[in-house]
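Printed here is target_39.csv (CSV, C-alpha atoms):
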```csv
chain,number,residue,atom,x,y,z
H,20,MET,CA,100.2,46.8,115.6
H,21,ASN,CA,99.8,48.1,112.0
H,22,PHE,CA,96.4,49.5,112.9
H,23,LEU,CA,97.9,51.3,115.9
H,24,VAL,CA,100.7,52.9,113.7
H,25,ALA,CA,98.2,53.9,111.1
H,26,SER,CA,95.9,55.5,113.7
H,27,ILE,CA,98.8,57.4,115.3
H,28,GLU,CA,99.9,58.6,111.8
H,29,SER,CA,96.4,59.6,110.9
H,30,LEU,CA,96.0,61.5,114.1
H,31,GLY,CA,99.4,63.2,113.7
H,32,ALA,CA,98.5,64.2,110.1
H,33,LYS,CA,95.2,65.7,111.3
H,34,VAL,CA,96.9,67.6,114.2
H,35,THR,CA,99.6,68.9,111.8
H,36,GLY,CA,96.9,69.9,109.3
H,37,TRP,CA,95.0,71.9,112.0
H,38,PHE,CA,98.2,73.7,113.0
H,39,THR,CA,99.0,74.5,109.4
H,40,VAL,CA,95.5,75.9,108.9
H,41,GLY,CA,95.8,77.9,112.1
H,42,TYR,CA,99.2,79.2,111.0
H,43,ASP,CA,97.9,80.2,107.6
H,44,ILE,CA,95.0,82.0,109.0
H,45,PHE,CA,97.1,84.0,111.5
H,46,ALA,CA,99.9,84.7,109.0
H,47,PHE,CA,97.2,86.0,106.6
H,48,LEU,CA,95.8,88.2,109.3
H,49,PHE,CA,99.2,89.5,110.2
H,50,ARG,CA,99.9,90.4,106.5
H,51,SER,CA,96.5,92.1,106.3
H,52,LEU,CA,97.2,94.1,109.4
H,53,LEU,CA,100.6,95.2,108.1
H,54,LEU,CA,99.1,96.2,104.8
H,55,SER,CA,96.3,98.1,106.5
H,56,LEU,CA,98.9,100.1,108.4
H,57,ASP,CA,100.7,101.0,105.2
H,58,ARG,CA,99.6,104.5,104.0
H,59,ALA,CA,100.1,103.5,100.4
H,60,THR,CA,97.2,100.9,100.7
H,61,TRP,CA,94.7,103.6,101.3
H,62,ASN,CA,94.1,105.0,97.9
H,63,ARG,CA,90.7,106.0,96.4
H,64,ALA,CA,90.4,102.5,94.8
H,65,THR,CA,90.7,100.6,98.0
H,66,TYR,CA,88.2,102.9,99.8
H,67,ASP,CA,85.8,102.3,96.9
H,68,VAL,CA,86.0,98.5,97.2
H,69,VAL,CA,85.6,98.7,101.0
H,70,ILE,CA,82.4,100.8,100.6
H,71,LYS,CA,81.1,98.3,98.0
H,72,GLN,CA,81.8,95.5,100.4
H,73,VAL,CA,80.0,97.2,103.3
H,74,TYR,CA,77.1,97.9,100.9
H,75,PHE,CA,76.9,94.2,99.7
H,76,THR,CA,77.4,92.8,103.2
H,77,ALA,CA,75.3,95.1,105.4
H,78,VAL,CA,73.2,97.6,103.6
H,79,GLN,CA,71.7,95.3,101.0
H,80,ILE,CA,70.4,92.9,103.6
H,81,LEU,CA,69.2,95.6,106.1
H,82,PRO,CA,65.4,95.2,105.7
H,83,VAL,CA,65.5,91.4,105.9
H,84,PHE,CA,68.0,91.4,108.8
H,85,LEU,CA,66.1,94.0,110.8
H,86,GLY,CA,62.9,92.0,110.3
H,87,TYR,CA,64.6,88.8,111.5
H,88,ALA,CA,66.1,90.6,114.5
H,89,LEU,CA,62.7,92.1,115.3
H,90,VAL,CA,61.0,88.7,115.4
H,91,ILE,CA,63.7,87.0,117.4
H,92,SER,CA,63.9,89.9,119.9
H,93,TRP,CA,60.1,90.0,120.3
H,94,LEU,CA,60.0,86.2,121.0
H,95,ILE,CA,62.9,86.2,123.5
H,96,ILE,CA,61.6,89.3,125.3
H,97,THR,CA,58.1,87.8,125.6
H,98,ILE,CA,59.6,84.5,126.9
H,99,ILE,CA,61.8,86.4,129.5
H,100,LEU,CA,58.9,88.7,130.6
H,101,THR,CA,56.5,85.8,131.0
H,102,THR,CA,59.0,83.7,132.9
H,103,ALA,CA,60.0,86.7,135.1
H,104,ARG,CA,56.4,87.4,135.9
H,105,ASP,CA,55.7,83.7,136.8
H,106,PHE,CA,58.6,83.7,139.2
H,107,GLY,CA,58.0,87.2,140.6
H,108,LEU,CA,61.3,88.5,139.1
H,109,THR,CA,59.8,91.3,137.0
H,110,ALA,CA,62.4,93.8,138.4
H,111,PHE,CA,65.2,91.8,136.7
H,112,ALA,CA,63.4,91.4,133.4
H,113,SER,CA,65.0,94.4,131.7
H,114,GLU,CA,68.5,93.5,132.7
H,115,MET,CA,68.0,89.9,131.7
H,116,THR,CA,66.7,91.0,128.3
H,117,ILE,CA,69.6,93.3,127.7
H,118,ARG,CA,72.2,90.7,128.8
H,119,VAL,CA,70.7,87.8,126.9
H,120,LEU,CA,69.7,89.6,123.7
H,121,VAL,CA,71.9,92.6,123.2
H,122,LEU,CA,75.2,91.2,124.6
H,123,GLU,CA,75.0,87.6,123.6
H,124,LEU,CA,72.3,86.3,121.2
H,125,LEU,CA,72.0,89.1,118.7
H,126,PRO,CA,75.8,89.5,118.0
H,127,PHE,CA,76.0,85.7,117.7
H,128,LEU,CA,73.0,85.5,115.3
H,129,THR,CA,74.4,88.4,113.3
H,130,ALA,CA,77.7,86.6,112.8
H,131,LEU,CA,75.9,83.5,111.7
H,132,PHE,CA,73.7,85.5,109.3
H,133,ILE,CA,76.7,87.2,107.7
H,134,ALA,CA,78.7,83.9,107.6
H,135,LEU,CA,75.9,82.1,105.8
H,136,ARG,CA,75.2,84.9,103.4
H,137,SER,CA,78.6,86.6,102.7
H,138,GLY,CA,81.1,84.1,104.2
H,139,SER,CA,80.0,81.3,102.0
H,140,ALA,CA,79.9,83.6,98.9
H,141,ILE,CA,83.5,84.9,99.7
H,142,ASN,CA,84.8,81.3,100.1
H,143,THR,CA,83.3,80.3,96.8
H,144,GLU,CA,84.5,83.3,95.0
H,145,VAL,CA,88.1,83.1,96.2
H,146,ALA,CA,88.2,79.4,95.5
H,147,LEU,CA,86.9,80.0,91.9
H,148,MET,CA,89.4,82.8,91.5
H,149,LYS,CA,92.2,80.4,92.6
H,150,VAL,CA,91.0,77.5,90.4
H,151,ASN,CA,90.4,79.8,87.3
H,152,ASN,CA,93.9,81.4,87.6
H,153,GLU,CA,92.3,84.8,88.1
H,154,LEU,CA,94.7,85.5,91.0
H,155,ASP,CA,97.7,84.7,88.7
H,156,ALA,CA,96.3,87.0,86.1
H,157,LEU,CA,96.0,89.8,88.7
H,158,ALA,CA,99.6,89.1,89.8
H,159,HIS,CA,100.8,89.2,86.1
H,160,CYS,CA,99.1,92.7,85.8
H,161,LYS,CA,100.7,93.8,89.1
H,162,VAL,CA,97.3,94.4,90.7
H,163,PRO,CA,97.8,93.4,94.3
H,164,PRO,CA,95.0,90.9,95.1
H,165,MET,CA,95.4,91.5,98.9
H,166,GLN,CA,94.7,95.2,98.4
H,167,PHE,CA,92.0,94.8,95.7
H,168,GLU,CA,90.2,91.6,96.8
H,169,PHE,CA,91.0,90.5,100.3
H,170,LEU,CA,91.6,93.5,102.6
H,171,PRO,CA,88.4,95.3,101.6
H,172,ARG,CA,86.4,92.1,102.4
H,173,LEU,CA,88.0,91.8,105.8
H,174,ILE,CA,87.3,95.4,106.7
H,175,GLY,CA,83.8,95.2,105.2
H,176,GLY,CA,83.1,92.1,107.3
H,177,VAL,CA,84.2,93.7,110.5
H,178,ILE,CA,82.3,97.0,109.9
H,179,SER,CA,79.2,95.1,108.8
H,180,VAL,CA,79.0,92.8,111.8
H,181,ILE,CA,79.6,95.6,114.3
H,182,THR,CA,77.0,97.9,112.7
H,183,LEU,CA,74.4,95.2,112.1
H,184,ALA,CA,74.8,93.8,115.7
H,185,GLY,CA,74.6,97.4,117.0
H,186,LEU,CA,71.4,98.1,115.0
H,187,ALA,CA,69.8,94.9,116.1
H,188,GLY,CA,70.8,95.7,119.7
H,189,LEU,CA,69.2,99.1,119.5
H,190,LEU,CA,66.0,97.6,118.1
H,191,ALA,CA,65.9,95.0,120.9
H,192,LEU,CA,66.4,97.8,123.5
H,193,LEU,CA,63.5,99.7,122.0
H,194,LEU,CA,61.3,96.6,121.8
H,195,SER,CA,62.3,95.7,125.4
H,196,TYR,CA,61.3,99.1,126.7
H,197,LEU,CA,58.0,99.0,124.8
H,198,SER,CA,57.2,95.5,126.0
H,199,ILE,CA,57.9,96.3,129.7
H,200,TYR,CA,56.6,99.9,130.0
H,201,GLY,CA,54.5,100.4,126.9
H,202,LEU,CA,54.3,103.8,125.2
H,203,SER,CA,54.6,105.7,128.5
H,204,MET,CA,57.7,107.6,129.6
H,205,ALA,CA,57.2,106.4,133.2
H,206,GLY,CA,59.9,103.8,133.1
H,207,PHE,CA,62.5,105.8,131.2
H,208,ASP,CA,64.6,106.7,134.2
H,209,ALA,CA,64.7,103.2,135.6
H,210,PHE,CA,65.4,101.7,132.1
H,211,THR,CA,68.3,104.1,131.4
H,212,GLN,CA,69.7,103.3,134.9
H,213,ILE,CA,69.8,99.6,134.1
H,214,LEU,CA,71.4,100.5,130.7
H,215,ALA,CA,74.1,102.5,132.4
H,216,LYS,CA,74.6,99.6,134.9
H,217,VAL,CA,74.9,96.9,132.2
H,218,PHE,CA,76.9,98.9,129.6
H,219,ASN,CA,80.0,99.9,131.6
H,220,PHE,CA,83.2,100.6,129.7
H,221,LYS,CA,84.5,97.0,130.1
H,222,ILE,CA,81.3,95.4,128.8
H,223,LEU,CA,81.0,97.8,125.9
H,224,PHE,CA,84.6,97.3,124.9
H,225,GLY,CA,84.1,93.5,125.2
H,226,LEU,CA,81.0,93.7,123.0
H,227,ILE,CA,82.7,95.7,120.2
H,228,THR,CA,85.8,93.4,120.4
H,229,LYS,CA,83.6,90.3,120.1
H,230,CYS,CA,81.7,91.7,117.1
H,231,ALA,CA,85.0,92.7,115.5
H,232,LEU,CA,86.3,89.1,116.0
H,233,PHE,CA,83.1,87.7,114.6
H,234,GLY,CA,83.5,90.0,111.6
H,235,LEU,CA,87.1,88.8,111.1
H,236,ALA,CA,86.1,85.1,111.5
H,237,VAL,CA,83.3,85.3,108.9
H,238,THR,CA,85.6,86.8,106.2
H,239,LEU,CA,89.2,85.8,107.1
H,240,ILE,CA,88.5,82.1,107.4
H,241,PRO,CA,86.5,81.8,104.1
H,242,ILE,CA,89.3,83.8,102.3
H,243,THR,CA,92.1,81.5,103.6
H,244,ALA,CA,89.9,78.4,102.9
H,245,GLY,CA,89.4,79.6,99.3
H,246,LEU,CA,93.1,80.2,98.8
H,247,GLU,CA,93.9,76.7,100.0
H,248,THR,CA,91.8,75.2,97.2
H,249,PRO,CA,93.7,73.0,94.8
H,250,LYS,CA,93.4,74.0,91.2
H,251,LYS,CA,90.6,71.5,90.5
H,252,LEU,CA,87.0,72.7,89.9
H,253,PHE,CA,85.5,69.8,91.8
H,254,MET,CA,87.4,70.9,95.0
H,255,VAL,CA,85.4,74.2,95.2
H,256,PRO,CA,82.4,72.6,97.1
H,257,VAL,CA,84.9,70.8,99.4
H,258,SER,CA,86.7,74.1,100.1
H,259,VAL,CA,83.4,75.9,101.0
H,260,LEU,CA,82.4,73.0,103.2
H,261,ARG,CA,85.7,73.1,105.1
H,262,GLY,CA,85.7,76.9,105.3
H,263,MET,CA,82.1,77.1,106.6
H,264,MET,CA,82.8,74.4,109.3
H,265,ARG,CA,85.8,76.4,110.4
H,266,VAL,CA,83.7,79.6,110.5
H,267,PHE,CA,81.1,77.9,112.7
H,268,PHE,CA,83.7,76.5,115.1
H,269,ALA,CA,85.4,79.9,115.3
H,270,ILE,CA,82.1,81.8,116.0
H,271,VAL,CA,81.2,79.3,118.7
H,272,ALA,CA,84.7,79.5,120.2
H,273,ILE,CA,84.6,83.3,120.3
H,274,GLU,CA,81.2,83.2,122.0
H,275,VAL,CA,82.3,80.6,124.6
H,276,VAL,CA,85.5,82.6,125.4
H,277,SER,CA,83.5,85.8,125.7
H,278,LEU,CA,81.0,84.2,128.1
H,279,ALA,CA,83.7,82.6,130.1
H,280,LEU,CA,85.5,85.9,130.5
H,281,LYS,CA,82.3,87.7,131.5
H,282,TYR,CA,80.7,85.2,133.9
H,283,ILE,CA,83.3,82.8,135.2
V,27,MET,CA,105.3,76.3,75.8
V,28,ALA,CA,107.1,76.4,79.1
V,29,ALA,CA,109.2,79.1,77.7
V,30,VAL,CA,106.2,81.4,77.5
V,31,ALA,CA,105.3,80.9,81.1
V,32,ALA,CA,108.9,81.6,82.1
V,33,LEU,CA,108.9,85.0,80.3
V,34,PRO,CA,110.3,87.9,82.3
V,35,ASP,CA,108.1,90.4,84.2
V,36,ASP,CA,108.4,93.1,81.6
V,37,VAL,CA,106.4,91.1,79.0
V,38,ALA,CA,102.7,91.6,78.8
V,39,ARG,CA,101.0,88.3,78.0
V,40,VAL,CA,97.7,87.4,76.5
V,41,ALA,CA,97.0,83.8,77.3
V,42,LEU,CA,94.2,81.4,78.2
V,43,ASP,CA,95.8,80.9,81.6
V,44,LEU,CA,95.5,84.6,82.4
V,45,PRO,CA,91.7,85.1,82.4
V,46,LEU,CA,89.7,88.2,83.2
V,47,ARG,CA,88.1,88.7,86.6
V,48,ALA,CA,84.8,87.0,86.0
V,49,ASN,CA,82.7,89.4,88.1
V,50,LEU,CA,84.0,92.6,86.5
V,51,THR,CA,83.0,94.1,83.2
V,52,ALA,CA,85.4,94.4,80.3
V,53,LEU,CA,85.9,98.1,81.1
V,54,ASP,CA,86.6,97.4,84.8
V,55,ASN,CA,89.0,94.6,84.0
V,56,ILE,CA,91.1,97.1,81.9
V,57,ALA,CA,90.6,100.0,84.3
V,58,LEU,CA,92.1,98.0,87.2
V,59,ILE,CA,95.6,98.6,85.7
V,60,PRO,CA,95.7,102.4,85.8
V,61,LEU,CA,93.7,102.4,89.0
V,62,TYR,CA,96.0,100.2,91.0
V,63,GLN,CA,99.3,100.5,89.2
V,64,ARG,CA,99.5,104.2,88.4
V,65,HIS,CA,97.0,105.4,91.0
V,66,PHE,CA,94.7,107.3,88.7
V,67,ASN,CA,91.3,107.9,90.1
V,68,ALA,CA,88.3,105.8,89.0
V,69,ALA,CA,87.0,108.3,86.4
V,70,GLU,CA,90.4,108.7,84.7
V,71,SER,CA,91.0,104.9,84.8
V,72,THR,CA,87.7,104.2,83.2
V,73,GLN,CA,88.3,106.8,80.6
V,74,GLN,CA,91.7,105.3,79.7
V,75,ALA,CA,90.1,101.8,79.5
V,76,GLN,CA,87.3,103.0,77.3
V,77,ALA,CA,89.9,104.8,75.0
V,78,MET,CA,91.7,101.5,74.7
V,79,LEU,CA,88.6,99.6,73.7
V,80,ASP,CA,87.7,102.4,71.2
V,81,GLN,CA,91.1,102.1,69.7
V,82,LEU,CA,90.7,98.3,69.2
V,83,GLY,CA,87.3,99.0,67.6
V,84,HIS,CA,85.2,97.2,70.3
V,85,THR,CA,83.6,100.1,72.1
V,86,GLY,CA,80.4,98.1,72.7
V,87,ILE,CA,81.9,95.4,74.8
V,88,ALA,CA,82.6,97.7,77.7
V,89,PRO,CA,79.7,96.6,80.0
V,90,LEU,CA,80.0,92.9,79.3
V,91,ARG,CA,81.3,90.4,81.9
V,92,ASP,CA,83.4,87.4,80.9
V,93,PRO,CA,80.7,84.8,80.7
V,94,ASP,CA,78.6,87.1,78.4
V,95,MET,CA,81.5,87.6,75.9
V,96,THR,CA,82.2,85.8,72.7
V,97,PRO,CA,85.7,84.3,72.5
V,98,ALA,CA,86.8,87.2,70.2
V,99,GLN,CA,85.4,89.8,72.6
V,100,ARG,CA,87.1,88.1,75.5
V,101,PHE,CA,90.4,88.1,73.6
V,102,VAL,CA,90.0,91.8,72.8
V,103,THR,CA,89.5,92.6,76.5
V,104,GLN,CA,92.5,90.5,77.5
V,105,LEU,CA,94.5,92.3,74.7
V,106,ALA,CA,93.4,95.7,75.9
V,107,ARG,CA,94.4,94.8,79.4
V,108,ALA,CA,97.8,93.7,78.2
V,109,LEU,CA,98.3,96.8,76.1
V,110,ILE,CA,97.3,99.2,78.9
V,111,LEU,CA,100.1,97.7,81.0
V,112,GLY,CA,102.4,99.6,78.7
V,113,ARG,CA,105.1,97.0,78.5
V,114,SER,CA,107.6,96.9,75.6
V,115,ARG,CA,106.9,93.3,74.6
V,116,LEU,CA,103.5,91.7,74.0
V,117,VAL,CA,103.3,87.9,73.8
V,118,ILE,CA,100.1,86.3,72.5
V,119,ASP,CA,100.3,82.7,73.8
V,120,ARG,CA,98.5,80.0,71.7
V,121,PRO,CA,95.8,82.3,70.2
V,122,GLY,CA,94.0,79.4,68.7
V,123,ALA,CA,93.0,78.3,72.2
V,124,MET,CA,91.3,81.6,72.7
V,125,LEU,CA,90.1,82.6,69.3
V,126,TYR,CA,88.2,79.6,68.0
V,127,ASP,CA,85.4,81.7,66.6
V,128,VAL,CA,87.3,83.8,64.1
V,129,PRO,CA,90.1,83.3,61.6
V,130,TYR,CA,92.7,84.5,64.1
V,131,PRO,CA,95.9,85.4,62.2
V,132,ASP,CA,93.9,88.1,60.3
V,133,PHE,CA,91.9,89.1,63.4
V,134,ILE,CA,95.1,89.7,65.4
V,135,ARG,CA,96.7,91.5,62.4
V,136,GLN,CA,93.7,93.8,62.2
V,137,LEU,CA,93.8,94.6,65.9
V,138,ALA,CA,97.5,95.3,65.7
V,139,GLU,CA,97.0,97.8,62.9
V,140,GLN,CA,94.3,99.6,64.9
V,141,THR,CA,96.4,100.2,68.0
V,142,GLN,CA,99.0,102.8,68.5
V,143,SER,CA,101.3,100.4,70.3
V,144,THR,CA,105.0,101.0,69.9
V,145,GLY,CA,106.2,97.7,71.4
V,146,THR,CA,106.7,94.4,69.7
V,147,TRP,CA,104.0,91.8,69.3
V,148,GLU,CA,105.0,88.1,69.3
V,149,ILE,CA,102.7,85.2,68.7
V,150,TYR,CA,103.6,81.8,70.1
V,151,ASP,CA,101.7,79.0,68.4
V,152,PHE,CA,101.9,75.3,67.7
V,153,SER,CA,104.1,74.5,64.7
V,154,TRP,CA,101.2,72.7,62.9
V,155,ASN,CA,99.3,76.1,62.8
V,156,GLN,CA,102.1,77.8,60.8
V,157,LEU,CA,100.1,77.2,57.7
V,158,LEU,CA,97.4,79.5,58.9
V,159,TYR,CA,99.8,82.4,59.1
V,160,SER,CA,101.3,81.8,55.7
V,161,GLN,CA,97.8,81.5,54.1
V,162,ALA,CA,96.7,84.9,55.4
V,163,PRO,CA,95.7,87.0,52.4
V,164,ASP,CA,97.6,90.1,53.3
V,165,GLN,CA,100.7,88.2,54.5
V,166,GLU,CA,103.9,90.0,53.4
```
Can the structure from this file be put into structure tokens for me?
Amino acid sequence: MNFLVASIESLGAKVTGWFTVGYDIFAFLFRSLLLSLDRATWNRATYDVVIKQVYFTAVQILPVFLGYALVISWLIITIILTTARDFGLTAFASEMTIRVLVLELLPFLTALFIALRSGSAINTEVALMKVNNELDALAHCKVPPMQFEFLPRLIGGVISVITLAGLAGLLALLLSYLSIYGLSMAGFDAFTQILAKVFNFKILFGLITKCALFGLAVTLIPITAGLETPKKLFMVPVSVLRGMMRVFFAIVAIEVVSLALKYI
Amino acid sequence: MAAVAALPDDVARVALDLPLRANLTALDNIALIPLYQRHFNAAESTQQAQAMLDQLGHTGIAPLRDPDMTPAQRFVTQLARALILGRSRLVIDRPGAMLYDVPYPDFIRQLAEQTQSTGTWEIYDFSWNQLLYSQAPDQE
């Protein structure tokens, strides 16, 4: 009987914990949205921090990221083309390449890339700021941490994921054309017709929304996880672990919902 | 010391529990105040921060980040940040915890003489350190 009560209590505590975490994340997002709509937020200083964030999150990693996108795209395109030829479905190869790579795989991998590189760094930094009282010091000096530290990271994350996924997508499209038609312009009309067919307004809007949600997930969740950290230095790795697990689940959930909305 | 933590908002505090932003230079830590509080642009804010460091006689620490500073340099940066807040009262909370590499009553007195601060400076310290203040050579 005691075992049953303990199990129910433990389960209840876990469920309450999940709801609390979810509430904290959405409350933080709501406050960020309100602040971003306030004209007073957008002074030169905030713009500068946003630009710095975009530089650190997207521009600094551009060569490595594009190299990685190139290799993945080339591999997937080759697999799709070979399989399509084997089954006599060459006519569908371009569309399949675009759907698999540009709409699904590359945005997902971009989000994972940014989460591992920047999300973990953001989580660690915010947790350390919390533990070392740096946030209290900023509050004492009346420097708003939301405006100075958090909002620029959120905006930087969203811009970075959208632009990096967009660049990777363009690279994949180019590679796909070259793999199917070579350096000739013969297939240009057919290829652009397929592009127009796949990228209708709904799909394009869905793709941008998905990338924006990925961008939010890889920054918002690490920030809130960092802010939850108790003021004990040994809790920083635990905070990063929790934050990154939540980011992973969020990215997968966004991808699954996006696929379900598109294909079911 | 609970009284120090409960001080009103119009008091600028220099304390161990109010550290610098670790990833910013001394200059940037100080420049944050005019930048975000008084909405000066980046160049003007940096200029004001540099002027404050010059006034305290520590021009050279501007590019240093917190982990690269000596305790005295860190204290000067925290003091400059508190002074640039422009509040009428400045409270230095347990200076011995921050200034363990210099004879601190003299060091603080010297800094106070260098600044053009018009507000009052108060030091909160443990009673057993009182002797340090009375032993200071230029104590009045």
Subject >> Nearest to chain V by atom-to-atom distance, counting all atoms listed in the file, from H:Pro256, H:Pro163, H:Gly86, H:Gly234 >> reply: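 Of all the options, H:Pro163 lies closest to chain V.
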Original post:
What is the CA of Gln63 (chain V) to CA of Ala98 (chain V) distance in Å?
Top reply: 26.3 Å
**OP:** Rounded to one decimal place, report the CA of Val271 (chain H)-CA of Leu56 (chain H) distance in Å.
**Re:**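 Taking CA of Val271 (chain H) and CA of Leu56 (chain H), their separation equals 29.2 Å.
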Subject >> Residues of chain V within 12 Å of chain H, counting all atoms listed in the file, as a ChimeraX atom specification >> reply: /V:31-50,54-71,92,104,106-113
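Here CA of Ala52 (chain V) and CA of Pro89 (chain V) stand 6.1 Å from one another.
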**OP:** Using only C-alpha atoms, pick whichever of H:Ile213, H:Ala134, H:Ala187, H:Leu223 has the shortest atom-to-atom distance to Val83 (chain H).
**Re:** H:Ala187
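Near Ile70 (chain H), within 12 Å and counting only C-alpha atoms, sit Arg63, Ala64, Thr65, Tyr66, Asp67, Val73, Tyr74, Phe75, Thr76, Ala77, Val78, Leu170, Pro171, Arg172, Leu173, Ile174, Gly175, Gly176, Ile178 and Ser179 of chain H, not including residues fewer than 3 positions from it in the same chain.
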Taking C-alpha atoms for each residue, export the selection above as a PDB file, in the frame of the given file.
```pdb
ATOM      1  CA  ARG H  63      90.700 106.000  96.400  1.00  0.00           C
ATOM      2  CA  ALA H  64      90.400 102.500  94.800  1.00  0.00           C
ATOM      3  CA  THR H  65      90.700 100.600  98.000  1.00  0.00           C
ATOM      4  CA  TYR H  66      88.200 102.900  99.800  1.00  0.00           C
ATOM      5  CA  ASP H  67      85.800 102.300  96.900  1.00  0.00           C
ATOM      6  CA  VAL H  73      80.000  97.200 103.300  1.00  0.00           C
ATOM      7  CA  TYR H  74      77.100  97.900 100.900  1.00  0.00           C
ATOM      8  CA  PHE H  75      76.900  94.200  99.700  1.00  0.00           C
ATOM      9  CA  THR H  76      77.400  92.800 103.200  1.00  0.00           C
ATOM     10  CA  ALA H  77      75.300  95.100 105.400  1.00  0.00           C
ATOM     11  CA  VAL H  78      73.200  97.600 103.600  1.00  0.00           C
ATOM     12  CA  LEU H 170      91.600  93.500 102.600  1.00  0.00           C
ATOM     13  CA  PRO H 171      88.400  95.300 101.600  1.00  0.00           C
ATOM     14  CA  ARG H 172      86.400  92.100 102.400  1.00  0.00           C
ATOM     15  CA  LEU H 173      88.000  91.800 105.800  1.00  0.00           C
ATOM     16  CA  ILE H 174      87.300  95.400 106.700  1.00  0.00           C
ATOM     17  CA  GLY H 175      83.800  95.200 105.200  1.00  0.00           C
ATOM     18  CA  GLY H 176      83.100  92.100 107.300  1.00  0.00           C
ATOM     19  CA  ILE H 178      82.300  97.000 109.900  1.00  0.00           C
ATOM     20  CA  SER H 179      79.200  95.100 108.800  1.00  0.00           C
TER      21      SER H 179
END
```
**OP:** Using only C-alpha atoms, give me every residue within 9 Å of (92.4, 79.7, 102.9) in file coordinates, as a ChimeraX atom specification.
**Re:** /H:40,43-44,47,142,145-146,239-248,258,262
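Nearest residue to Arg115 (chain V), choosing from V:Gly145, V:Pro131, V:Pro93, V:Gly83 and counting only C-alpha atoms: V:Gly145.
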**OP:** Find the residues near Val121 (chain H): any atom within 8 Å, counting all atoms listed in the file, skip ones fewer than 5 places away on the same chain, and give them as a PyMOL selection string.
**Re:** chain H and resi 116+126+187-189+191-192
For the residues in the current selection, export C-alpha atoms as an mmCIF file, in the frame of the given file.
```cif
data_model
loop_
_atom_site.group_PDB
_atom_site.id
_atom_site.type_symbol
_atom_site.label_atom_id
_atom_site.label_comp_id
_atom_site.auth_asym_id
_atom_site.auth_seq_id
_atom_site.Cartn_x
_atom_site.Cartn_y
_atom_site.Cartn_z
ATOM 1 C CA THR H 116 66.700 91.000 128.300
ATOM 2 C CA PRO H 126 75.800 89.500 118.000
ATOM 3 C CA ALA H 187 69.800 94.900 116.100
ATOM 4 C CA GLY H 188 70.800 95.700 119.700
ATOM 5 C CA LEU H 189 69.200 99.100 119.500
ATOM 6 C CA ALA H 191 65.900 95.000 120.900
ATOM 7 C CA LEU H 192 66.400 97.800 123.500
#
```
